[in-house]
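Here the structure is laid out as structure tokens; the discussion comes afterwards.
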Amino acid sequence: MDRHVVIGTAGHVDHGKTALVKALTGTDTDRWEEEKRRGITIDLGFASLDLGDGISASIVDVPGHEDFVRNMVAGATGVDVALLVVAADEGVMPQTKEHMAILDLLAVRCGVVVLTKCDLVEDEWMELVEADIAERLAGSSIQWERPVRFSTVTEQGREELREVLVVAAQRAASRSAADLFRLPIDRVFSIAGAGTVVTGTAWSGTVRVGDEITVLPGGEKARVRGVEVHGEARDAALPGRRTALALAGLGRKSVARGQIAVAHGGWRETKAMDVMITMLPGAPRPITQRSRVRFHLGTAEVMARVTPTGGEIKPGSTGAARLRLELPMVGRWGDRGVIRSYSPVTTIGGCLVVDPWPARRPRRPVALAARAVPEPEERLAAFVEAAGDAGIQREHLPVRLGLRPDESELLWESPGSGAVRAGGRLVSAAVVSAARRAAVDGIRQYHEQYPLRSGMPRELARRALRDPSLADFVHAELDREGLIAVERDTVRLAEHRAELAGDQIGHSRLVRQSLTEGGIHGRSLGEFDATAIENLTQILGFLVDEGAAVRITKDRYYDREILDKLVREIVETVDRAGRATPAELREKTGLSRKYLIPLMEWMDSRQLTVRNADVRVLGPKGRDLLAPR
């Protein structure tokens with residue numbers, strides 16, 4: 001099976017990184033005239049390398065000068081194998097140490113140390129340099145292969161280095177083509193006939209010619225017109241390859257280095273991330289509330305304010321924090337970033353993204369750390385607990401939890417006892433349980449307050465819970481279990497029946513008599529004899545629910561039979577004439593504008609009639625009313 005890895009150089013300026021890459025690949029990665037003139041690498045360079053045995057590599061050559069560490073971080077992020085270059089005649093230098101720290105902070109798994117310029121030193125000196133490097137790497141989390149002595153002059157170590165790189169590549173973690181596509185952009189340019197071209201190293205997933213991609217932050221969409229991998233035209237871009245995408249429908253000024261190209265709806269830009277920060281032991285000072293830092297993620301660098309959730313984070317320690325970004329970024333669970341001080345600019349730590357778009361308020365350190373656990377099931381439980389009523393949307397699972405789509409679907413199908421599928425999202429089982437209790441209690445209280453109503457208005461019941469869409473799920477679940485009854489406009493407890501009792505029966509007769517006496521004018525609340533009728537509004541509500549009365553405005557009611565006859569008369573009048581003005585309807589019905597206009601507006605709302613300028617025409621429900629039965 002073919003295997004592809006990303007190899008990234010690291011090391012002090014003028015230690016021979018670019019010369020080493022050229023000796024291995026034949027490619028001079030210094031592209032700029034200034035780089036050739038000054039003899040140092042300023043920006044990222046790229047080359048491809050065939051290691052044989054079905055193993056190929058994309059090499060990212062980074063600058064070693066301290067002024068360009070931001071470019072080094074952009075190149076080191078996403079590296080599978082670190083190629084640490086140390087000049088034998090100088091040994092470990094300041095940028096060697098900073099680059100080593102950055103590689104550790106980015107959790108690069110495998111590495112190879114190359115001692116260049118070995119033709120310039122004696123064996124005794126070489127052994128001292130090797131001993132020093134071994135001591136410095138002893139505490140590294142990276143699995144380092146044996147050091148290789150190398151010379152571009154004598155070509156000493158060339159074949160040995162290739163052999164060691166093969167071993168490191170075989171140990172490196174593989175990237176999945178079935179994952180979400182993401183390409184951090186490091187170059188943007190235009191080519192006649194191709195349009196806007198973006199380049200970068202594809203971190204994950206696959207994109208094909210003809211696919212639609214989105215550039216974030218910003219949300220600009222484009223179609224992939226062409227794909228090149230290391231300068232060769234391809235039908236698709238696979239993860240870990242140096243990739244160029246020719247994009248149709250995207251202007252050159254609409255995209256810049258630091259953005260990412262993605263091909264899935266689950267990605268989102270954010271101005272806040274929850275992270276676990278690890279400070280370097282040599283950091284000059286702790287991170288405290290609102291410390292301003294430079295946050296590097298992918299090819300992007302953004303200023304941020306840090307809010308530690310458990311007190312200051314001291315040098316050499318790890319702590320939970322919220323990053324409040326001054327510009328939007330795009331992240332995914334498990335991403336590794338680098339944190340550099342605002343001034344003076346130096347690397348002080350790194351971080352693990354544990355929530356790429358967290359809740360508004362930072363959580364307690366324990367809650368945040370729970371979302372950092374490696375086990376997907378435990379992580380999901382922590383996420384849904386932290387999300388509360390909002391839950392976690394199904395399409396957000398791959399990004400939010402850092403899982404491949406197939407892994408996310410397995411969790412969706414079997415979320416465990418701590419989460420419940422509620423519509424298109426996963427919600428904490430505890431939240432659902434509380435919402436069920438709140439829904440039943442709310443409906444019961446409504447029945448106690450309005451015993452003559454057939455049920456609680458559905459919209460009111462939805463608003464009684466903090467999240468209306470969660471209310472829909474809970475109501476449907478309770479209805480299915482027979483605990484409540486969900487009807488068209490109301491919800492009620494399954495056992496609830498609105499019934500008149502005692503004096504209410506006599507009062508109901510008085511209300512119906514009054515409505516009959518009101519005739520085609522109906523009755524307003526003020527026109528009833530409130531001294532003789534107790535609980536007038538509740539009895540009216542009961543009669544409306546039973547169908548004996550109709551409310552056409554906030555406080556005007558009609559007897560159902562009288563209203564039906566009046567409505568039919570108006571509908572027939574409009575039908576015969578094709579259209580009717582208020583004056584014509586007033587003459588036909590004998591109603592003044594005070595009563596006619598509210599009635600016509602009610603008929604419009606029921607689609608019995610349709611208002612067209614100053615006239616009414618027949619509505620679809622009006623035609624149904626006249627249809628033969």
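Residues in the structure tokens are numbered from 1 in each chain, the chains being A, B, ... in the order shown, and ligands are numbered from 1 in the order shown.
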
Surrounding residues of range 98-114 of chain A excluding itself and chain neighbours under 3 positions, 9 Å, only C-alpha atoms, as number ranges by chain = A: 7, 10-12, 64, 69, 72-73, 76-87, 93-95, 133, 137, 140-150, 161, 164-165, 168-169, 171-173, 278, 280, 335-338, 346-347, 349-352

Quick one: pick out all helix (DSSP H, G or I) residues within range 79-323 of chain A from a backbone DSSP run and write them as a JSON list (two decimals) with N, CA, C and O atoms, in the first residue's frame.
```json
[["chain", "number", "residue", "atom", "x", "y", "z"],
["A", 94, "PRO", "N", 20.34, 29.14, 19.15],
["A", 94, "PRO", "CA", 19.04, 29.61, 19.68],
["A", 94, "PRO", "C", 17.82, 29.16, 18.88],
["A", 94, "PRO", "O", 16.84, 28.69, 19.45],
["A", 95, "GLN", "N", 17.86, 29.29, 17.55],
["A", 95, "GLN", "CA", 16.69, 28.91, 16.77],
["A", 95, "GLN", "C", 16.52, 27.40, 16.70],
["A", 95, "GLN", "O", 15.42, 26.90, 16.51],
["A", 96, "THR", "N", 17.64, 26.66, 16.89],
["A", 96, "THR", "CA", 17.51, 25.21, 16.99],
["A", 96, "THR", "C", 16.61, 24.87, 18.16],
["A", 96, "THR", "O", 15.67, 24.06, 18.04],
["A", 97, "LYS", "N", 16.86, 25.50, 19.30],
["A", 97, "LYS", "CA", 16.08, 25.22, 20.50],
["A", 97, "LYS", "C", 14.63, 25.64, 20.35],
["A", 97, "LYS", "O", 13.71, 24.94, 20.77],
["A", 98, "GLU", "N", 14.41, 26.83, 19.73],
["A", 98, "GLU", "CA", 13.02, 27.29, 19.57],
["A", 98, "GLU", "C", 12.27, 26.38, 18.60],
["A", 98, "GLU", "O", 11.11, 26.02, 18.84],
["A", 99, "HIS", "N", 12.93, 25.97, 17.52],
["A", 99, "HIS", "CA", 12.27, 25.07, 16.56],
["A", 99, "HIS", "C", 11.97, 23.72, 17.20],
["A", 99, "HIS", "O", 10.90, 23.13, 16.95],
["A", 100, "MET", "N", 12.90, 23.21, 18.04],
["A", 100, "MET", "CA", 12.64, 21.94, 18.73],
["A", 100, "MET", "C", 11.42, 22.07, 19.64],
["A", 100, "MET", "O", 10.57, 21.17, 19.70],
["A", 101, "ALA", "N", 11.31, 23.20, 20.33],
["A", 101, "ALA", "CA", 10.17, 23.42, 21.21],
["A", 101, "ALA", "C", 8.88, 23.48, 20.42],
["A", 101, "ALA", "O", 7.85, 22.91, 20.83],
["A", 102, "ILE", "N", 8.89, 24.16, 19.28],
["A", 102, "ILE", "CA", 7.70, 24.28, 18.45],
["A", 102, "ILE", "C", 7.25, 22.92, 17.94],
["A", 102, "ILE", "O", 6.06, 22.59, 17.95],
["A", 103, "LEU", "N", 8.20, 22.09, 17.52],
["A", 103, "LEU", "CA", 7.85, 20.74, 17.04],
["A", 103, "LEU", "C", 7.19, 19.92, 18.14],
["A", 103, "LEU", "O", 6.23, 19.18, 17.90],
["A", 104, "ASP", "N", 7.71, 20.04, 19.36],
["A", 104, "ASP", "CA", 7.10, 19.33, 20.49],
["A", 104, "ASP", "C", 5.70, 19.86, 20.77],
["A", 104, "ASP", "O", 4.77, 19.08, 21.01],
["A", 105, "LEU", "N", 5.55, 21.18, 20.75],
["A", 105, "LEU", "CA", 4.24, 21.79, 21.03],
["A", 105, "LEU", "C", 3.20, 21.39, 19.99],
["A", 105, "LEU", "O", 2.01, 21.29, 20.29],
["A", 118, "CYS", "N", 29.36, 18.00, 8.11],
["A", 118, "CYS", "CA", 30.22, 17.13, 8.91],
["A", 118, "CYS", "C", 31.63, 17.03, 8.33],
["A", 118, "CYS", "O", 32.56, 16.59, 9.01],
["A", 119, "ASP", "N", 31.81, 17.46, 7.08],
["A", 119, "ASP", "CA", 33.15, 17.43, 6.48],
["A", 119, "ASP", "C", 34.04, 18.52, 7.07],
["A", 119, "ASP", "O", 35.26, 18.52, 6.82],
["A", 120, "LEU", "N", 33.46, 19.46, 7.84],
["A", 120, "LEU", "CA", 34.24, 20.58, 8.37],
["A", 120, "LEU", "C", 34.78, 20.32, 9.78],
["A", 120, "LEU", "O", 35.51, 21.16, 10.31],
["A", 123, "ASP", "N", 36.14, 14.01, 14.15],
["A", 123, "ASP", "CA", 35.24, 13.05, 14.77],
["A", 123, "ASP", "C", 35.02, 13.35, 16.25],
["A", 123, "ASP", "O", 33.91, 13.18, 16.78],
["A", 124, "GLU", "N", 36.06, 13.79, 16.94],
["A", 124, "GLU", "CA", 35.93, 14.07, 18.37],
["A", 124, "GLU", "C", 34.91, 15.18, 18.62],
["A", 124, "GLU", "O", 34.08, 15.09, 19.53],
["A", 125, "TRP", "N", 34.99, 16.23, 17.82],
["A", 125, "TRP", "CA", 34.04, 17.35, 17.96],
["A", 125, "TRP", "C", 32.61, 16.87, 17.59],
["A", 125, "TRP", "O", 31.64, 17.22, 18.25],
["A", 126, "MET", "N", 32.53, 16.04, 16.57],
["A", 126, "MET", "CA", 31.25, 15.53, 16.14],
["A", 126, "MET", "C", 30.58, 14.73, 17.27],
["A", 126, "MET", "O", 29.38, 14.84, 17.50],
["A", 127, "GLU", "N", 31.37, 13.96, 17.98],
["A", 127, "GLU", "CA", 30.81, 13.17, 19.09],
["A", 127, "GLU", "C", 30.28, 14.06, 20.20],
["A", 127, "GLU", "O", 29.26, 13.76, 20.83],
["A", 128, "LEU", "N", 30.96, 15.19, 20.45],
["A", 128, "LEU", "CA", 30.49, 16.14, 21.47],
["A", 128, "LEU", "C", 29.15, 16.75, 21.04],
["A", 128, "LEU", "O", 28.23, 16.90, 21.86],
["A", 129, "VAL", "N", 29.03, 17.11, 19.77],
["A", 129, "VAL", "CA", 27.78, 17.69, 19.26],
["A", 129, "VAL", "C", 26.65, 16.67, 19.37],
["A", 129, "VAL", "O", 25.54, 16.99, 19.79],
["A", 130, "GLU", "N", 26.95, 15.42, 19.00],
["A", 130, "GLU", "CA", 25.92, 14.38, 19.07],
["A", 130, "GLU", "C", 25.46, 14.15, 20.51],
["A", 130, "GLU", "O", 24.26, 13.94, 20.77],
["A", 131, "ALA", "N", 26.42, 14.18, 21.45],
["A", 131, "ALA", "CA", 26.07, 13.98, 22.86],
["A", 131, "ALA", "C", 25.19, 15.12, 23.36],
["A", 131, "ALA", "O", 24.23, 14.90, 24.12],
["A", 132, "ASP", "N", 25.52, 16.34, 22.94],
["A", 132, "ASP", "CA", 24.72, 17.50, 23.36],
["A", 132, "ASP", "C", 23.30, 17.40, 22.82],
["A", 132, "ASP", "O", 22.32, 17.66, 23.54],
["A", 133, "ILE", "N", 23.18, 17.01, 21.56],
["A", 133, "ILE", "CA", 21.84, 16.89, 20.96],
["A", 133, "ILE", "C", 21.05, 15.79, 21.65],
["A", 133, "ILE", "O", 19.86, 15.94, 21.96],
["A", 134, "ALA", "N", 21.69, 14.65, 21.91],
["A", 134, "ALA", "CA", 21.01, 13.54, 22.57],
["A", 134, "ALA", "C", 20.47, 13.96, 23.93],
["A", 134, "ALA", "O", 19.35, 13.60, 24.32],
["A", 135, "GLU", "N", 21.25, 14.75, 24.66],
["A", 135, "GLU", "CA", 20.83, 15.22, 25.98],
["A", 135, "GLU", "C", 19.62, 16.15, 25.85],
["A", 135, "GLU", "O", 18.67, 16.07, 26.64],
["A", 136, "ARG", "N", 19.63, 17.03, 24.85],
["A", 136, "ARG", "CA", 18.54, 17.99, 24.68],
["A", 136, "ARG", "C", 17.25, 17.30, 24.20],
["A", 136, "ARG", "O", 16.15, 17.76, 24.49],
["A", 137, "LEU", "N", 17.40, 16.22, 23.45],
["A", 137, "LEU", "CA", 16.23, 15.53, 22.92],
["A", 137, "LEU", "C", 15.66, 14.49, 23.89],
["A", 137, "LEU", "O", 14.60, 13.91, 23.63],
["A", 158, "ARG", "N", 24.01, 10.48, 2.46],
["A", 158, "ARG", "CA", 22.82, 10.69, 1.63],
["A", 158, "ARG", "C", 21.93, 9.44, 1.64],
["A", 158, "ARG", "O", 20.72, 9.52, 1.88],
["A", 159, "GLU", "N", 22.50, 8.29, 1.37],
["A", 159, "GLU", "CA", 21.70, 7.07, 1.34],
["A", 159, "GLU", "C", 21.24, 6.65, 2.74],
["A", 159, "GLU", "O", 20.12, 6.16, 2.91],
["A", 160, "GLU", "N", 22.10, 6.88, 3.73],
["A", 160, "GLU", "CA", 21.70, 6.55, 5.11],
["A", 160, "GLU", "C", 20.50, 7.40, 5.53],
["A", 160, "GLU", "O", 19.57, 6.91, 6.17],
["A", 161, "LEU", "N", 20.51, 8.68, 5.14],
["A", 161, "LEU", "CA", 19.40, 9.56, 5.49],
["A", 161, "LEU", "C", 18.10, 9.08, 4.84],
["A", 161, "LEU", "O", 17.05, 9.08, 5.49],
["A", 162, "ARG", "N", 18.17, 8.66, 3.61],
["A", 162, "ARG", "CA", 16.97, 8.14, 2.94],
["A", 162, "ARG", "C", 16.43, 6.91, 3.69],
["A", 162, "ARG", "O", 15.21, 6.78, 3.88],
["A", 163, "GLU", "N", 17.34, 6.04, 4.13],
["A", 163, "GLU", "CA", 16.92, 4.84, 4.87],
["A", 163, "GLU", "C", 16.24, 5.21, 6.19],
["A", 163, "GLU", "O", 15.20, 4.63, 6.55],
["A", 164, "VAL", "N", 16.82, 6.17, 6.89],
["A", 164, "VAL", "CA", 16.25, 6.58, 8.18],
["A", 164, "VAL", "C", 14.90, 7.27, 7.96],
["A", 164, "VAL", "O", 13.97, 7.09, 8.74],
["A", 165, "LEU", "N", 14.78, 8.06, 6.90],
["A", 165, "LEU", "CA", 13.50, 8.72, 6.60],
["A", 165, "LEU", "C", 12.42, 7.69, 6.29],
["A", 165, "LEU", "O", 11.24, 7.89, 6.64],
["A", 166, "VAL", "N", 12.79, 6.60, 5.64],
["A", 166, "VAL", "CA", 11.81, 5.53, 5.36],
["A", 166, "VAL", "C", 11.28, 4.96, 6.67],
["A", 166, "VAL", "O", 10.06, 4.75, 6.84],
["A", 167, "VAL", "N", 12.19, 4.70, 7.63],
["A", 167, "VAL", "CA", 11.77, 4.15, 8.92],
["A", 167, "VAL", "C", 10.83, 5.13, 9.63],
["A", 167, "VAL", "O", 9.78, 4.74, 10.17],
["A", 168, "ALA", "N", 11.18, 6.43, 9.64],
["A", 168, "ALA", "CA", 10.35, 7.43, 10.31],
["A", 168, "ALA", "C", 8.99, 7.55, 9.62],
["A", 168, "ALA", "O", 7.96, 7.68, 10.28],
["A", 169, "ALA", "N", 8.99, 7.49, 8.28],
["A", 169, "ALA", "CA", 7.73, 7.62, 7.54],
["A", 169, "ALA", "C", 6.80, 6.46, 7.84],
["A", 169, "ALA", "O", 5.58, 6.62, 7.92],
["A", 170, "GLN", "N", 7.37, 5.28, 8.01],
["A", 170, "GLN", "CA", 6.54, 4.11, 8.32],
["A", 170, "GLN", "C", 5.93, 4.21, 9.71],
["A", 170, "GLN", "O", 4.86, 3.65, 9.97],
["A", 171, "ARG", "N", 6.58, 4.92, 10.62],
["A", 171, "ARG", "CA", 6.07, 5.08, 11.98],
["A", 171, "ARG", "C", 5.07, 6.23, 12.10],
["A", 171, "ARG", "O", 4.32, 6.31, 13.07],
["A", 252, "ARG", "N", -8.98, 37.10, -7.01],
["A", 252, "ARG", "CA", -7.67, 37.04, -6.36],
["A", 252, "ARG", "C", -7.68, 37.77, -5.02],
["A", 252, "ARG", "O", -7.03, 37.34, -4.07],
["A", 253, "LYS", "N", -8.41, 38.87, -4.93],
["A", 253, "LYS", "CA", -8.41, 39.66, -3.70],
["A", 253, "LYS", "C", -9.36, 39.12, -2.64],
["A", 253, "LYS", "O", -9.43, 39.66, -1.53],
["A", 254, "SER", "N", -10.08, 38.05, -2.97],
["A", 254, "SER", "CA", -11.05, 37.49, -2.03],
["A", 254, "SER", "C", -10.45, 36.43, -1.11],
["A", 254, "SER", "O", -11.13, 35.89, -0.25]]
```

key: Backbone-only DSSP, strand (DSSP E) members of range 298-448 of chain A, as an MDAnalysis selection string   = chainID A and resid 300:308 318:330 336:341 347:355 392:393 419:422 425:428

key: Close residues, range 212-220 of chain A itself excluded, 7 Å, only C-alpha atoms, min 6 positions apart in chain, as a list in words   = Gln259, Ile260, Ala261, Val262, Ala263, Glu269, Pro328, Met329 and Val330 of chain A

Closest atom pairs, residues of range 469-587 of chain A within 12 Å of range 387-408 of chain A, only C-alpha atoms, as a Markdown table:
```
| residue | atom | partner | partner_atom | distance |
| --- | --- | --- | --- | --- |
| A:Ser469 | CA | A:Ala390 | CA | 9.1 |
| A:Leu470 | CA | A:Asp389 | CA | 7.1 |
| A:Ala471 | CA | A:Asp389 | CA | 9.8 |
| A:Phe473 | CA | A:Asp389 | CA | 11.7 |
| A:Val474 | CA | A:Asp389 | CA | 11.7 |
```

Distance query range 510-522 of chain A at most 10 Å, only C-alpha atoms, self and fewer than 5 positions along chain excluded, as a ChimeraX atom specification = /A:504-505,527-530,532-533,536,539-540,543,548-552,556-563,565-567,589-592,594-596,599

Could the residues in this selection be written to a file with N, CA and C atoms, as an mmCIF file, in the first residue's frame?
```
data_model
loop_
_atom_site.group_PDB
_atom_site.id
_atom_site.type_symbol
_atom_site.label_atom_id
_atom_site.label_comp_id
_atom_site.auth_asym_id
_atom_site.auth_seq_id
_atom_site.Cartn_x
_atom_site.Cartn_y
_atom_site.Cartn_z
ATOM 1 N N GLN A 504 -70.998 26.663 36.471
ATOM 2 C CA GLN A 504 -70.439 26.965 35.149
ATOM 3 C C GLN A 504 -71.410 26.597 34.030
ATOM 4 N N ILE A 505 -72.224 25.573 34.256
ATOM 5 C CA ILE A 505 -73.184 25.155 33.225
ATOM 6 C C ILE A 505 -74.194 26.267 32.977
ATOM 7 N N GLU A 527 -69.582 43.770 26.460
ATOM 8 C CA GLU A 527 -71.024 43.732 26.222
ATOM 9 C C GLU A 527 -71.707 42.570 26.943
ATOM 10 N N PHE A 528 -70.952 41.726 27.596
ATOM 11 C CA PHE A 528 -71.548 40.675 28.407
ATOM 12 C C PHE A 528 -71.865 41.229 29.798
ATOM 13 N N ASP A 529 -72.815 40.591 30.474
ATOM 14 C CA ASP A 529 -73.166 40.994 31.831
ATOM 15 C C ASP A 529 -72.205 40.291 32.795
ATOM 16 N N ALA A 530 -71.096 40.961 33.069
ATOM 17 C CA ALA A 530 -70.054 40.351 33.893
ATOM 18 C C ALA A 530 -70.511 40.109 35.317
ATOM 19 N N ALA A 532 -73.304 38.814 36.174
ATOM 20 C CA ALA A 532 -74.077 37.559 36.241
ATOM 21 C C ALA A 532 -73.271 36.353 35.812
ATOM 22 N N ILE A 533 -72.104 36.601 35.209
ATOM 23 C CA ILE A 533 -71.313 35.491 34.649
ATOM 24 C C ILE A 533 -69.927 35.488 35.283
ATOM 25 N N LEU A 536 -65.820 34.682 32.914
ATOM 26 C CA LEU A 536 -66.333 34.902 31.555
ATOM 27 C C LEU A 536 -65.329 34.447 30.498
ATOM 28 N N ILE A 539 -65.018 30.665 30.239
ATOM 29 C CA ILE A 539 -66.178 30.025 29.619
ATOM 30 C C ILE A 539 -66.199 30.298 28.117
ATOM 31 N N LEU A 540 -65.848 31.517 27.714
ATOM 32 C CA LEU A 540 -65.758 31.821 26.282
ATOM 33 C C LEU A 540 -64.704 30.936 25.618
ATOM 34 N N LEU A 543 -66.145 27.508 25.117
ATOM 35 C CA LEU A 543 -67.089 27.454 24.002
ATOM 36 C C LEU A 543 -66.371 27.520 22.654
ATOM 37 N N ALA A 548 -68.681 25.989 19.698
ATOM 38 C CA ALA A 548 -69.967 26.687 19.787
ATOM 39 C C ALA A 548 -69.820 28.182 19.568
ATOM 40 N N ALA A 549 -68.631 28.714 19.770
ATOM 41 C CA ALA A 549 -68.381 30.147 19.599
ATOM 42 C C ALA A 549 -67.106 30.333 18.774
ATOM 43 N N VAL A 550 -66.954 31.532 18.195
ATOM 44 C CA VAL A 550 -65.781 31.862 17.392
ATOM 45 C C VAL A 550 -65.281 33.241 17.817
ATOM 46 N N ARG A 551 -63.990 33.339 18.034
ATOM 47 C CA ARG A 551 -63.391 34.646 18.352
ATOM 48 C C ARG A 551 -62.755 35.196 17.083
ATOM 49 N N ILE A 552 -63.201 36.399 16.655
ATOM 50 C CA ILE A 552 -62.652 36.956 15.412
ATOM 51 C C ILE A 552 -61.643 38.069 15.672
ATOM 52 N N ARG A 556 -63.812 40.106 20.506
ATOM 53 C CA ARG A 556 -65.161 39.998 19.911
ATOM 54 C C ARG A 556 -65.434 38.550 19.531
ATOM 55 N N TYR A 557 -66.605 38.066 19.956
ATOM 56 C CA TYR A 557 -67.000 36.675 19.779
ATOM 57 C C TYR A 557 -68.330 36.584 19.034
ATOM 58 N N TYR A 558 -68.541 35.466 18.345
ATOM 59 C CA TYR A 558 -69.779 35.209 17.609
ATOM 60 C C TYR A 558 -70.312 33.823 17.975
ATOM 61 N N ASP A 559 -71.618 33.695 17.902
ATOM 62 C CA ASP A 559 -72.224 32.372 17.917
ATOM 63 C C ASP A 559 -71.860 31.668 16.611
ATOM 64 N N ARG A 560 -71.445 30.419 16.700
ATOM 65 C CA ARG A 560 -70.943 29.688 15.529
ATOM 66 C C ARG A 560 -71.982 29.629 14.405
ATOM 67 N N GLU A 561 -73.236 29.275 14.684
ATOM 68 C CA GLU A 561 -74.249 29.129 13.629
ATOM 69 C C GLU A 561 -74.526 30.460 12.949
ATOM 70 N N ILE A 562 -74.639 31.517 13.758
ATOM 71 C CA ILE A 562 -74.912 32.835 13.183
ATOM 72 C C ILE A 562 -73.754 33.274 12.297
ATOM 73 N N LEU A 563 -72.515 33.054 12.772
ATOM 74 C CA LEU A 563 -71.343 33.462 11.981
ATOM 75 C C LEU A 563 -71.261 32.666 10.687
ATOM 76 N N LYS A 565 -73.653 31.428 8.867
ATOM 77 C CA LYS A 565 -74.631 31.954 7.903
ATOM 78 C C LYS A 565 -74.178 33.287 7.327
ATOM 79 N N LEU A 566 -73.631 34.140 8.186
ATOM 80 C CA LEU A 566 -73.160 35.452 7.736
ATOM 81 C C LEU A 566 -71.989 35.305 6.768
ATOM 82 N N VAL A 567 -71.068 34.428 7.084
ATOM 83 C CA VAL A 567 -69.905 34.203 6.223
ATOM 84 C C VAL A 567 -70.348 33.651 4.875
ATOM 85 N N THR A 589 -75.163 43.182 3.936
ATOM 86 C CA THR A 589 -75.283 42.569 5.264
ATOM 87 C C THR A 589 -75.954 43.461 6.291
ATOM 88 N N GLY A 590 -75.924 44.767 6.048
ATOM 89 C CA GLY A 590 -76.475 45.693 7.035
ATOM 90 C C GLY A 590 -75.505 45.992 8.166
ATOM 91 N N LEU A 591 -74.259 45.553 8.039
ATOM 92 C CA LEU A 591 -73.244 45.828 9.063
ATOM 93 C C LEU A 591 -72.551 47.160 8.806
ATOM 94 N N SER A 592 -72.315 47.910 9.862
ATOM 95 C CA SER A 592 -71.533 49.139 9.723
ATOM 96 C C SER A 592 -70.052 48.773 9.599
ATOM 97 N N LYS A 594 -67.706 49.471 11.522
ATOM 98 C CA LYS A 594 -67.177 49.082 12.826
ATOM 99 C C LYS A 594 -67.164 47.567 12.973
ATOM 100 N N TYR A 595 -68.203 46.907 12.432
ATOM 101 C CA TYR A 595 -68.310 45.455 12.553
ATOM 102 C C TYR A 595 -67.839 44.735 11.287
ATOM 103 N N LEU A 596 -68.050 45.377 10.133
ATOM 104 C CA LEU A 596 -67.728 44.709 8.869
ATOM 105 C C LEU A 596 -66.225 44.542 8.664
ATOM 106 N N LEU A 599 -64.592 41.800 10.643
ATOM 107 C CA LEU A 599 -65.069 40.521 10.125
ATOM 108 C C LEU A 599 -64.371 40.164 8.821
#
```

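Distances from A:Ala74, A:Met303, A:Val610, A:Ala222 to Gly249 in chain A were compared using only C-alpha atoms, and the smallest one belongs to A:Ala222.
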
message = As an exercise, work out the distance from CA of Gln289 in chain A to CA of Glu301 in chain A in Å and give it to one decimal place.
response =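 Distance reported for this atom pair: 20.6 Å.
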